[in-house]
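Since the structure comes first, as structure tokens, the remarks are kept for the end.
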Amino acid sequence: MAARGRLDTAARQFAGDAKTATLSDKWHADSNPFQGLVDPVHLALSRLRRRNYDKCIDVATELLGRHGVDQQVWWIKCRALTNKNGIVDTEFDEEGLAELLLDENATAQVPRPGTSLSRPQSSTVSGPSPAVRPMTNNGRPLSGFSRPGSGLTKPGTGMSLERAMTSSRVGTAMTRPVTTSGRFVRLGTASLQSEPGGAFVNLEKLNMQKYAERPSLAKALCDYMLSVEHNPRKAVELGAAATSAVNFADWWWKMKLGRGYYQLGLLREAELQYLSSLKLQEMVCTYLQLANVYLRLDQPRNALDVYKQSPEVALRYYRRLLQMGVSSSALWNNLGLCCFYAGLYDMSLTCFEQALISAEDDTLGDIWYNISHIAIGIGDLGLAYQTLKVAVAADPNHAEATNNLAILELRKGNVELARSGFKEAGKQGPHAFEPPFNSALLAYKLGDAQESFQLVQQALLCYPDHVESKELLEQLKQKFN
Amino acid sequence: MASVLKKQTFSKEQRQKRNYLIHWLYIRKEYDECLELIDDTLKKVDQLAEYPLFIKGLITRHQGKIHESLSLFQQAGQINPRNVETIKQISRSLFLLGRHKAASEVLDEAIRLGFTEDWEIWHNKGMCLSQLKRLEDAKDALMRANSIQRHDCTFIQLGQILTQEEKYQEAIDVYLEALEFSPENPELLTTVGLLYLRTGENFRAFDFLGNSLTHDPRNSKTILAAGSIIQDHSDMDVALVKYRVAAVQTPNSAQLWNNIGMCFFGKQRHVAAIACLKKALYLDPFEWIISYNLGLVHLHTEQYASAFHYFSSSINLKPDFPSSYMQLAIALSRLDDYDNACAAYEKAIEMDSDFLFHLNYAVMLVNNGQVDKAREQFDQFEALYAEADEETKNSDKDVGVMRSLLMNVLGRN
């Protein structure tokens with residue numbers, strides 16, 4: 001579920017600049033197909049504001065065909081294309097396989113504990129305890145949403161690469177692109193393909209210096225380069241020319257330069273640009289992008305500092321969510337859970353029905369898993385068993401569901417089934433502490449101290465402060481002496 | 001091939017030359033250095049030195065590598081098959097690997113060799129037998145171990161077997177005997193306290209638990225047990241103070257949050273109680289008593305539909321607790337479901353004879369105009385109430401009030 005929205009913040013800020021462009025006075029009334037209607041330039045501008053991008057582009061193309069050097073129309077088309085194809089790139093951020101393998105920015109192969117994102121559960125990272133806050137498949141605290149970037153595990157563990165290669169669902173959101181720039185090139189060609197007549201601007205032939213002196217056009221062009229053509233090299237070229245043209249006094253150019261450098265993989269340069277941009281003007285999206293740089297550099301502490309500085313980031317997110325009128329399965333799912341915990345069982349089941357209707361493959365397992373919790377809550381263990389079976393069928397790698405299924409088997413007295421269930425769950429979700437702990441406890445009760453010892457250590461690796469695991473380990477150690 | 005031809009034989013002194021150093025390093029727990037020394041020694045004497053192998057086995061087992069330790073002990077055993085220490089360790093490693101039968105056979109072998117007066121052998125044999133579910137034999141072996149030499153661990157094991165067989169009084173006797181021998185063992189004190197709690201002797205239980213807390217004030221299990229007794233005597237604030245200590249140790253314990261929730265319930269703070277109980281239910285959704293308690297709280301806040309849900313889930317999780325049915329019946333009668341409420345009362349009465357069931361049933365019947373049936377239930381209540389002792393009678397004043405009210409209505413003076 002990539003949060004896909006339009007880059008409208010920038011559009012709003014610079015829509016006013018269009019007035020500086022020359023007015024189209026060379027319109028020939030006899031060949032005007034829009035005769036009797038409003039001024040077509042005004043129409044295009046209005047459609048741009050109403051976000052009817054396709055129609056806006058049609059009008060603008062028509063106008064440009066008649067008069068190719070009309071800057072105003074050119075600006076409108078440029079913005080329309082950008083807004084149509086743009087993706088909110090602060091969130092759409094994935095590290096490709098190649099970046100994972102050939103990481104030039106890693107300072108150490110095995111980072112010191114608490115300084116890296118590669119082991120988010122290490123004890124020095126203060127966060128919600130795993131016993132209270134559930135984790136997603138990727139070991140990230142559950143927020144109800146999985147964005148492409150959040151599924152990313154950092155290099156340095158070795159395991160992340162292995163997991164990336166053996167991802168269960170090839171071709172869905174959870175798989176990793178081969179390289180980041182490769183994915184952007186693909187996006188760029190895809191967006192050009194969809195436009196009749198090919199590329200809007202031939203970037204190779206542009207005179208950057210000329211555009212740099214016209215800030216309103218240059219800004220539109222720069223956005224176009226970054227989000228339609230995905231050509232960060234040219235964008236950096238233009239940005240460098242433009243920022244020196246305004247005596248390095250415009251935060252916007254520095255932010256875009258940072259974006260360009262970031263896409264090129266020049267993280268340190270990007271950091272410098274963002275920092276200097278923030279000195280001129282504090283913006284939420286600059287903060288977000290700066291934090292992204294630190295995440296990529298695997299410096300969680302710096303990233304956290306950045307997030308703390310920027311106020312009300314979450315508030316913005318929620319507002320954006322409301323504006324977009326989101327009606328996703330995740331939302332229904334969360335509503336259902338809220339209803340359940342408030343004791344509104346009938347409402348809760350209807351919500352989950354809605355969630356199931358709109359669910360996609362990757363969320364289906366989670367939803368069934370939540371329904372199983374309701375079944376346990378009302379004490380209907382038969383239903384719980386069945387829903388968990390469905391959850392496992394929908395998502396064969398759902399560690400929590402497999403774990404709970406094993407617990408139900410144990411309650412029925414099927415010890416061997418439970419044992420293999422816990423083992424399977426442990427393999428599916430190396431981030432969760434419950435399966436290895438349950439396994440360890442069962443092995444201990446069955447008298448297999450060796451297995452119990454290994455498993456309890458595994459559990460403690462995931463959740464170093466788990467009291468019960470510690471007690472079990474202590475008991476085992478006493479037995480060994 | 002040359003080395004085979006002039007095969008060296010080592011004298012006893014050569015093999016044992018470094019034993020003192022190995023022992024010294026081992027008891028100082030310098031395991032890495034010790035292992036290095038052992039490997040070096042073993043290389044020099046063709047892996048044929050009993051003591052280094054033995055110590056290496058102990059260290060590897062301590063590190064959790066039980067398979068490796070087993071094969072090391074077996075090597076040592078081949079060098080000197082009559083060494084009882086090695087035999088004991090072999091059986092212990094087998095025991096830890098879950099091969100209880102093999103472990104037990106190794107111990108039998110030792111006994112056959114004539115080592116009958118060693119408490120450890122009998123103790124270990126008892127452990128193996130109890131894992132093999134031969135409880136009577138296990139008890140014999142453990143008692144034999146105790147007759148040779150008394151140890152806390154033997155007593156605890158024996159007590160555990162007796163508890164498993166639900167012979168609580170015998171288990172208590174065993175633990176009390178152990179306490180004569182080591183009166184300051186907090187684990188023993190707690191276990192005795194818990195057993196008294198189970199047999200219903202709350203005052204004696206509290207004695208032992210309090211005693212245990214003076215020796216080990218942070219043991220969360222003891223705190224939980226002691227707190228629950230304090231709670232029974234309606235001293236909620238003291239119990240909450242105790243739980244605060246335990247919450248630091250085990251913040252995610254469902255039992256603890258359940259008890260805290262019931263403390264708040266006792267203080268009539270229903271919102272806090274529900275919050276705590278829900279947290280407990282979140283942490284352990286399979287625990288029936290949390291659902292039962294939540295039902296109680298909802299019954300008191302007059303949210304009968306929610307109460308019904310919690311009681312029904314509690315019954316689903318534990319169908320053999322009669323009080324759940326009575327509470328369910330109360331919730332149902334408040335929801336005006338007369339027929340099902342009756343069925344629930346009947347079920348509760350069928351399972352256990354408690355005067356409360358009959359009293360509540362009679363009240364509901366009167367409210368629904370079924371005076372004859374109500375009289376029947378009231379008579380049964382009277383019969384059971386007369387048998388009850390003074391303490392139970394005085395514990396709940398509402399029962400007396402209700403009784404006299406019903407007497408008037410039913411004309412039974």
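By convention in this document, the chains of the structure tokens carry letters A, B, ... by their order, each chain's residues are numbered from 1, and ligands are numbered from 1 in the order they are shown.
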*Residues within 9 Å of region 91-104 of chain B, only C-alpha atoms, excluding chain neighbours under 5 positions, as a ChimeraX atom specification*: /A:443-444,446-451,479-480 /B:61,66-67,69-70,73,86,109,124-129,131-132
*Just the residues within 10 Å of Gly210 (chain B), please, counting only C-alpha atoms, with nothing from its chain fewer than 3 positions along; format it as a list in words.*
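Contacts, in chain order: Pro186, Leu189, Thr190, Gly193, Arg204, Ala205, Phe206, Asp207, Leu213, Thr214, His215, Asp216, Pro217, Thr222, Ile223, Ala225 and Ala226 of chain B.
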Please write the residues from the selection above to a file, keeping N, CA, C and O atoms, as a PDB file, in the first residue's frame.
ATOM      1  N   PRO B 186      13.861 -19.372  50.640  1.00  0.00           N
ATOM      2  CA  PRO B 186      12.633 -18.666  50.240  1.00  0.00           C
ATOM      3  C   PRO B 186      11.767 -19.478  49.284  1.00  0.00           C
ATOM      4  O   PRO B 186      10.542 -19.376  49.306  1.00  0.00           O
ATOM      5  N   LEU B 189       9.723 -21.828  51.353  1.00  0.00           N
ATOM      6  CA  LEU B 189       8.696 -21.084  52.095  1.00  0.00           C
ATOM      7  C   LEU B 189       7.532 -20.708  51.183  1.00  0.00           C
ATOM      8  O   LEU B 189       6.364 -20.877  51.539  1.00  0.00           O
ATOM      9  N   THR B 190       7.881 -20.215  49.989  1.00  0.00           N
ATOM     10  CA  THR B 190       6.826 -19.822  49.053  1.00  0.00           C
ATOM     11  C   THR B 190       5.977 -21.028  48.665  1.00  0.00           C
ATOM     12  O   THR B 190       4.747 -20.943  48.623  1.00  0.00           O
ATOM     13  N   GLY B 193       3.666 -21.942  51.352  1.00  0.00           N
ATOM     14  CA  GLY B 193       2.609 -20.940  51.418  1.00  0.00           C
ATOM     15  C   GLY B 193       1.561 -21.177  50.343  1.00  0.00           C
ATOM     16  O   GLY B 193       0.360 -21.170  50.605  1.00  0.00           O
ATOM     17  N   ARG B 204      -2.161 -19.511  57.686  1.00  0.00           N
ATOM     18  CA  ARG B 204      -0.853 -20.181  57.711  1.00  0.00           C
ATOM     19  C   ARG B 204      -0.105 -19.879  56.426  1.00  0.00           C
ATOM     20  O   ARG B 204       1.120 -19.685  56.441  1.00  0.00           O
ATOM     21  N   ALA B 205      -0.834 -19.845  55.306  1.00  0.00           N
ATOM     22  CA  ALA B 205      -0.197 -19.509  54.029  1.00  0.00           C
ATOM     23  C   ALA B 205       0.475 -18.148  54.131  1.00  0.00           C
ATOM     24  O   ALA B 205       1.629 -17.979  53.727  1.00  0.00           O
ATOM     25  N   PHE B 206      -0.234 -17.201  54.718  1.00  0.00           N
ATOM     26  CA  PHE B 206       0.310 -15.845  54.801  1.00  0.00           C
ATOM     27  C   PHE B 206       1.563 -15.813  55.669  1.00  0.00           C
ATOM     28  O   PHE B 206       2.514 -15.097  55.371  1.00  0.00           O
ATOM     29  N   ASP B 207       1.555 -16.611  56.747  1.00  0.00           N
ATOM     30  CA  ASP B 207       2.748 -16.712  57.591  1.00  0.00           C
ATOM     31  C   ASP B 207       3.971 -17.063  56.769  1.00  0.00           C
ATOM     32  O   ASP B 207       5.001 -16.400  56.825  1.00  0.00           O
ATOM     33  N   LEU B 213       9.050 -13.533  52.050  1.00  0.00           N
ATOM     34  CA  LEU B 213       9.312 -12.173  51.560  1.00  0.00           C
ATOM     35  C   LEU B 213      10.418 -11.487  52.352  1.00  0.00           C
ATOM     36  O   LEU B 213      11.118 -10.631  51.818  1.00  0.00           O
ATOM     37  N   THR B 214      10.567 -11.835  53.643  1.00  0.00           N
ATOM     38  CA  THR B 214      11.655 -11.206  54.398  1.00  0.00           C
ATOM     39  C   THR B 214      13.008 -11.661  53.875  1.00  0.00           C
ATOM     40  O   THR B 214      13.985 -10.925  53.946  1.00  0.00           O
ATOM     41  N   HIS B 215      13.058 -12.887  53.329  1.00  0.00           N
ATOM     42  CA  HIS B 215      14.337 -13.364  52.793  1.00  0.00           C
ATOM     43  C   HIS B 215      14.551 -12.920  51.361  1.00  0.00           C
ATOM     44  O   HIS B 215      15.672 -12.669  50.940  1.00  0.00           O
ATOM     45  N   ASP B 216      13.486 -12.844  50.589  1.00  0.00           N
ATOM     46  CA  ASP B 216      13.599 -12.490  49.177  1.00  0.00           C
ATOM     47  C   ASP B 216      12.453 -11.544  48.824  1.00  0.00           C
ATOM     48  O   ASP B 216      11.418 -11.970  48.324  1.00  0.00           O
ATOM     49  N   PRO B 217      12.627 -10.239  49.111  1.00  0.00           N
ATOM     50  CA  PRO B 217      11.484  -9.320  49.001  1.00  0.00           C
ATOM     51  C   PRO B 217      11.040  -9.033  47.568  1.00  0.00           C
ATOM     52  O   PRO B 217      10.025  -8.383  47.366  1.00  0.00           O
ATOM     53  N   THR B 222       5.917 -14.743  44.960  1.00  0.00           N
ATOM     54  CA  THR B 222       5.545 -14.628  46.366  1.00  0.00           C
ATOM     55  C   THR B 222       4.683 -13.397  46.589  1.00  0.00           C
ATOM     56  O   THR B 222       3.679 -13.443  47.310  1.00  0.00           O
ATOM     57  N   ILE B 223       5.086 -12.289  45.967  1.00  0.00           N
ATOM     58  CA  ILE B 223       4.328 -11.045  46.135  1.00  0.00           C
ATOM     59  C   ILE B 223       2.892 -11.237  45.668  1.00  0.00           C
ATOM     60  O   ILE B 223       1.938 -10.829  46.330  1.00  0.00           O
ATOM     61  N   ALA B 225       1.155 -13.990  45.510  1.00  0.00           N
ATOM     62  CA  ALA B 225       0.385 -14.833  46.432  1.00  0.00           C
ATOM     63  C   ALA B 225       0.029 -14.059  47.694  1.00  0.00           C
ATOM     64  O   ALA B 225      -1.129 -14.062  48.149  1.00  0.00           O
ATOM     65  N   ALA B 226       1.036 -13.373  48.261  1.00  0.00           N
ATOM     66  CA  ALA B 226       0.783 -12.619  49.489  1.00  0.00           C
ATOM     67  C   ALA B 226      -0.244 -11.526  49.233  1.00  0.00           C
ATOM     68  O   ALA B 226      -1.171 -11.313  50.033  1.00  0.00           O
TER      69      ALA B 226
END
*Write out as a count of residues only all residues of region 239-427 of chain A that backbone DSSP assigns to helix (DSSP H, G or I).*
154
_Proximity to Pro396 (chain A) - best of A:Gly413, A:Val228, A:Ala384, A:Lys427, only C-alpha atoms_ =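 Closest candidate: A:Lys427.
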*Enumerate as an MDAnalysis selection string the residues belonging to chain A that approach chain B to within 10 Å, with only C-alpha atoms taken into account.*
chainID A and resid 129 131:132 341:345 373:381 407:408 411 443:454 465:468 476:481
*Give me the residues within 8 Å of Arg79 (chain A) as an NGL selection string, counting only C-alpha atoms and dropping any in the same chain fewer than 3 places off.*
:A and (11 or 48 or 75-76 or 82-83 or 220 or 224)
For the residues in the current selection, export N, CA and C atoms as an mmCIF file, in the first residue's frame.
data_model
loop_
_atom_site.group_PDB
_atom_site.id
_atom_site.type_symbol
_atom_site.label_atom_id
_atom_site.label_comp_id
_atom_site.auth_asym_id
_atom_site.auth_seq_id
_atom_site.Cartn_x
_atom_site.Cartn_y
_atom_site.Cartn_z
ATOM 1 N N ALA A 11 3.151 22.858 -5.810
ATOM 2 C CA ALA A 11 2.307 23.461 -6.840
ATOM 3 C C ALA A 11 1.592 24.687 -6.291
ATOM 4 N N LEU A 48 -5.876 22.652 -14.100
ATOM 5 C CA LEU A 48 -4.700 22.292 -13.303
ATOM 6 C C LEU A 48 -5.037 22.436 -11.834
ATOM 7 N N TRP A 75 4.439 26.215 -18.935
ATOM 8 C CA TRP A 75 4.508 26.058 -17.477
ATOM 9 C C TRP A 75 3.335 25.202 -16.986
ATOM 10 N N ILE A 76 2.146 25.495 -17.545
ATOM 11 C CA ILE A 76 0.958 24.755 -17.105
ATOM 12 C C ILE A 76 1.107 23.274 -17.414
ATOM 13 N N THR A 82 3.899 16.920 -14.071
ATOM 14 C CA THR A 82 4.579 16.593 -12.818
ATOM 15 C C THR A 82 3.587 16.085 -11.788
ATOM 16 N N ASN A 83 2.475 16.833 -11.668
ATOM 17 C CA ASN A 83 1.515 16.444 -10.646
ATOM 18 C C ASN A 83 0.848 15.110 -10.974
ATOM 19 N N ALA A 220 9.513 24.643 -12.128
ATOM 20 C CA ALA A 220 8.613 23.663 -12.734
ATOM 21 C C ALA A 220 9.408 22.605 -13.460
ATOM 22 N N TYR A 224 9.727 18.562 -12.810
ATOM 23 C CA TYR A 224 9.438 17.658 -13.923
ATOM 24 C C TYR A 224 10.568 16.636 -14.089
#
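Those residues that approach Arg82 (chain B) to within 12 Å, counting only C-alpha atoms, are Glu50, Ala76, Lys88, Glu109, Ala110, Ile111, Arg112, Leu113, Gly114 and Phe115 of chain B; same-chain residues fewer than 6 positions away are not listed.
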_as a list in words, please: the residues near Asn333 (chain A) (cut-off 8 Å, only C-alpha atoms, same-chain neighbours under 5 positions excluded)._
Cys351, Phe352, Ala355 and Ile367 of chain A
_Report as a list in words all protein, DNA and RNA residues lying within 9 Å of Ile330 (chain B), evaluated on only C-alpha atoms, omitting residues in the same chain fewer than 2 positions from it._
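These residues fall inside the cut-off: Leu299, Tyr304, Phe308, Tyr325, Met326, Gln327, Leu328, Leu332, Ser333, Arg334, Leu335, Ala341, Ala344, Tyr345, Asn360, Tyr361 and Met364 of chain B.
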Please produce a file of the residues just selected, as a tab-separated table (two decimals), in the first residue's frame, where the atoms kept are N, CA and C atoms.
chain	number	residue	atom	x	y	z
B	299	LEU	N	-21.07	-6.43	35.56
B	299	LEU	CA	-22.34	-6.67	36.26
B	299	LEU	C	-22.59	-5.56	37.28
B	304	TYR	N	-25.14	-5.15	31.49
B	304	TYR	CA	-25.39	-6.58	31.55
B	304	TYR	C	-25.03	-7.30	30.27
B	308	PHE	N	-22.60	-10.40	30.15
B	308	PHE	CA	-22.97	-11.69	29.57
B	308	PHE	C	-21.87	-12.21	28.66
B	325	TYR	N	-21.64	-20.06	35.94
B	325	TYR	CA	-23.00	-20.25	35.45
B	325	TYR	C	-23.99	-19.39	36.24
B	326	MET	N	-23.72	-19.30	37.56
B	326	MET	CA	-24.63	-18.48	38.37
B	326	MET	C	-24.55	-17.01	37.93
B	327	GLN	N	-23.32	-16.52	37.74
B	327	GLN	CA	-23.17	-15.13	37.32
B	327	GLN	C	-23.81	-14.91	35.96
B	328	LEU	N	-23.63	-15.92	35.07
B	328	LEU	CA	-24.24	-15.83	33.75
B	328	LEU	C	-25.76	-15.73	33.90
B	332	LEU	N	-28.23	-12.86	32.62
B	332	LEU	CA	-29.36	-13.17	31.72
B	332	LEU	C	-30.67	-12.69	32.30
B	333	SER	N	-30.86	-12.87	33.62
B	333	SER	CA	-32.14	-12.45	34.20
B	333	SER	C	-32.27	-10.94	34.12
B	334	ARG	N	-31.15	-10.22	34.25
B	334	ARG	CA	-31.22	-8.76	34.10
B	334	ARG	C	-31.54	-8.36	32.67
B	335	LEU	N	-31.17	-9.24	31.74
B	335	LEU	CA	-31.48	-8.96	30.33
B	335	LEU	C	-32.86	-9.50	29.95
B	341	ALA	N	-31.89	-18.04	31.75
B	341	ALA	CA	-31.37	-17.82	33.10
B	341	ALA	C	-31.66	-19.04	33.97
B	344	ALA	N	-29.33	-21.78	33.17
B	344	ALA	CA	-28.00	-21.54	33.73
B	344	ALA	C	-27.96	-21.86	35.22
B	345	TYR	N	-29.03	-21.46	35.96
B	345	TYR	CA	-29.08	-21.77	37.39
B	345	TYR	C	-29.09	-23.28	37.61
B	360	ASN	N	-30.03	-17.05	44.89
B	360	ASN	CA	-30.20	-16.19	43.72
B	360	ASN	C	-31.31	-16.70	42.82
B	361	TYR	N	-31.35	-18.03	42.69
B	361	TYR	CA	-32.39	-18.64	41.86
B	361	TYR	C	-33.76	-18.29	42.44
B	364	MET	N	-34.77	-14.75	41.71
B	364	MET	CA	-35.22	-14.54	40.33
B	364	MET	C	-36.62	-15.12	40.12
Would you mind listing what lies within 12 Å of Val174 (chain B) as an mmCIF file with N, CA and C atoms, in the first residue's frame, with only C-alpha atoms counted and same-chain residues fewer than 5 positions away left out?
data_model
loop_
_atom_site.group_PDB
_atom_site.id
_atom_site.type_symbol
_atom_site.label_atom_id
_atom_site.label_comp_id
_atom_site.auth_asym_id
_atom_site.auth_seq_id
_atom_site.Cartn_x
_atom_site.Cartn_y
_atom_site.Cartn_z
ATOM 1 N N LYS B 139 9.035 -41.852 43.940
ATOM 2 C CA LYS B 139 8.964 -41.452 45.344
ATOM 3 C C LYS B 139 9.889 -42.311 46.200
ATOM 4 N N LEU B 142 13.456 -41.236 45.709
ATOM 5 C CA LEU B 142 13.748 -39.949 46.345
ATOM 6 C C LEU B 142 13.835 -40.110 47.865
ATOM 7 N N MET B 143 12.945 -40.936 48.422
ATOM 8 C CA MET B 143 12.995 -41.119 49.874
ATOM 9 C C MET B 143 14.274 -41.816 50.287
ATOM 10 N N ASN B 146 16.913 -39.304 50.416
ATOM 11 C CA ASN B 146 16.806 -38.514 51.640
ATOM 12 C C ASN B 146 17.292 -39.277 52.864
ATOM 13 N N ARG B 150 20.140 -35.620 53.448
ATOM 14 C CA ARG B 150 18.989 -34.774 53.119
ATOM 15 C C ARG B 150 19.427 -33.559 52.303
ATOM 16 N N HIS B 151 18.656 -33.255 51.271
ATOM 17 C CA HIS B 151 18.958 -32.095 50.429
ATOM 18 C C HIS B 151 17.655 -31.380 50.059
ATOM 19 N N ASP B 152 17.739 -30.064 49.928
ATOM 20 C CA ASP B 152 16.557 -29.272 49.556
ATOM 21 C C ASP B 152 15.944 -29.760 48.253
ATOM 22 N N CYS B 153 16.849 -30.005 47.265
ATOM 23 C CA CYS B 153 16.321 -30.304 45.936
ATOM 24 C C CYS B 153 15.531 -31.607 45.939
ATOM 25 N N THR B 154 15.970 -32.576 46.757
ATOM 26 C CA THR B 154 15.230 -33.841 46.827
ATOM 27 C C THR B 154 13.848 -33.608 47.407
ATOM 28 N N PHE B 155 13.808 -32.818 48.494
ATOM 29 C CA PHE B 155 12.510 -32.509 49.109
ATOM 30 C C PHE B 155 11.583 -31.834 48.113
ATOM 31 N N ILE B 156 12.142 -30.857 47.382
ATOM 32 C CA ILE B 156 11.303 -30.107 46.437
ATOM 33 C C ILE B 156 10.746 -31.043 45.373
ATOM 34 N N GLN B 157 11.616 -31.925 44.850
ATOM 35 C CA GLN B 157 11.180 -32.867 43.817
ATOM 36 C C GLN B 157 10.067 -33.770 44.347
ATOM 37 N N LEU B 158 10.269 -34.271 45.571
ATOM 38 C CA LEU B 158 9.280 -35.147 46.186
ATOM 39 C C LEU B 158 7.949 -34.406 46.356
ATOM 40 N N GLY B 159 8.058 -33.173 46.845
ATOM 41 C CA GLY B 159 6.856 -32.358 47.022
ATOM 42 C C GLY B 159 6.132 -32.143 45.710
ATOM 43 N N GLN B 160 6.913 -31.926 44.648
ATOM 44 C CA GLN B 160 6.283 -31.693 43.341
ATOM 45 C C GLN B 160 5.493 -32.911 42.881
ATOM 46 N N ILE B 161 6.077 -34.090 43.105
ATOM 47 C CA ILE B 161 5.363 -35.306 42.690
ATOM 48 C C ILE B 161 4.054 -35.421 43.460
ATOM 49 N N LEU B 162 4.119 -35.167 44.785
ATOM 50 C CA LEU B 162 2.915 -35.284 45.605
ATOM 51 C C LEU B 162 1.863 -34.256 45.178
ATOM 52 N N THR B 163 2.339 -33.038 44.814
ATOM 53 C CA THR B 163 1.392 -32.018 44.352
ATOM 54 C C THR B 163 0.733 -32.468 43.058
ATOM 55 N N LYS B 167 -1.948 -34.797 46.359
ATOM 56 C CA LYS B 167 -1.901 -35.148 47.783
ATOM 57 C C LYS B 167 -1.267 -33.965 48.499
ATOM 58 N N TYR B 168 -2.073 -32.893 48.684
ATOM 59 C CA TYR B 168 -1.493 -31.642 49.159
ATOM 60 C C TYR B 168 -0.965 -31.757 50.584
ATOM 61 N N GLN B 169 -1.728 -32.469 51.440
ATOM 62 C CA GLN B 169 -1.310 -32.533 52.830
ATOM 63 C C GLN B 169 0.044 -33.227 52.948
ATOM 64 N N LEU B 179 11.868 -27.753 55.636
ATOM 65 C CA LEU B 179 12.080 -26.461 56.280
ATOM 66 C C LEU B 179 12.789 -26.604 57.620
ATOM 67 N N GLU B 180 12.556 -27.735 58.314
ATOM 68 C CA GLU B 180 13.297 -27.981 59.552
ATOM 69 C C GLU B 180 14.785 -28.004 59.268
ATOM 70 N N PHE B 181 15.066 -28.552 58.081
ATOM 71 C CA PHE B 181 16.458 -28.768 57.708
ATOM 72 C C PHE B 181 17.088 -27.477 57.185
ATOM 73 N N LEU B 188 11.330 -22.743 49.247
ATOM 74 C CA LEU B 188 10.539 -23.693 50.038
ATOM 75 C C LEU B 188 9.393 -22.981 50.751
ATOM 76 N N THR B 191 6.652 -22.147 48.377
ATOM 77 C CA THR B 191 5.899 -23.321 47.938
ATOM 78 C C THR B 191 4.941 -23.785 49.019
ATOM 79 N N VAL B 192 5.413 -23.813 50.273
ATOM 80 C CA VAL B 192 4.525 -24.209 51.368
ATOM 81 C C VAL B 192 3.351 -23.245 51.448
ATOM 82 N N LEU B 195 0.875 -23.922 48.814
ATOM 83 C CA LEU B 195 0.105 -25.148 49.066
ATOM 84 C C LEU B 195 -0.964 -24.911 50.124
#
_Between CA of Tyr53 (chain A) and CA of Lys77 (chain A), what distance in Å does the model show, to one decimal?_
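Interatomic distance, CA of Tyr53 (chain A) to CA of Lys77 (chain A): 8.8 Å.
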